[in-house]
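These notes are about the structure you will find just below.
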Amino acid sequence: MRIQRSMVRGIAVLGAAVSAGVMAPTVSSAAPAQESGSTKTQAAAVQTAPTATRGANVTVCKAYGGTIRGCAGFQAYDEILAVCDRRADGRRVVGQAYWAGKIRATVEDRNGATKPCYGKDLSIAEGTAVWVRVWVEGVGFTRWYRGTA
């Protein structure tokens with residue numbers, strides 16, 4: 001599914017905020033366990049948006065070598081999970097969404113850094129906490145970031 005240009009622009013802008021450290025870290029028992037490679041850690045140190053209230057969007061980007069490689073975002077209105085490869089480096093970029101106890105959506109940007117980015121239309125009850133992360137091949141996962149449908 002192709003997503004609107006405004007969503008792509010929003011991912012880029014919010015991704016810059018995430019990489020600049022605008023997100024405030026907190027701990028939540030409702031968050032999925034963090035992973036380091038294939039080893040799960042039980043300490044759920046999770047990044048949450050300061051405005052994680054009803055209808056809160058979230059965007060997370062993965063950087064390597066000081067360069068953002070890929071971003072994933074959740075748009076609360078219309079419940080869309082989007083993923084965007086930000087660098088033509090041959091690395092795959094995948095976004096994941098977690099809610100109601102498990103990873104329920106995965107989207108891969110299949111065209112590399114070429115536009116458009118990819119998105120998946122989801123159906124999530126209003127007010128549901130949605131956790132998003134991005135994976136970049138050879139670099140790994142980000143932490144989970146919280147949004148709300």
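We label chains A, B, ... in the order they appear in the structure tokens, count residues from 1 in each chain, and number ligands from 1 in the order shown.
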Query raised in the report: Ala76 in chain A: which residues within 8 Å, counting only C-alpha atoms, same-chain residues fewer than 5 positions away excluded, as number ranges by chain?
Result: A: 55-57, 147-149
Report task. Identify, on the basis of only C-alpha atoms, every residue whose closest approach to range 124-136 of chain A does not exceed 9 Å; exclude the query and any residue fewer than 4 positions from it along the same chain; express the result as number ranges by chain. Result -> A: 30-32, 48, 52-55, 58-63, 69-74, 76, 79, 81, 83, 85, 91-100, 103, 140-149
Requested in this report: Quote the spacing between CA of Ala113 in chain A and CA of Gly90 in chain A in Å to one decimal place.
Outcome: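 CA of Gly90 in chain A lies 8.7 Å from CA of Ala113 in chain A.
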**Report entry** Of the listed residues A:Ile80, A:Gln75, A:Gly66, A:Val139, that which approaches Gly119 in chain A most closely, counting only C-alpha atoms
**Finding:**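 Closest residue, counting only C-alpha atoms: A:Ile80.
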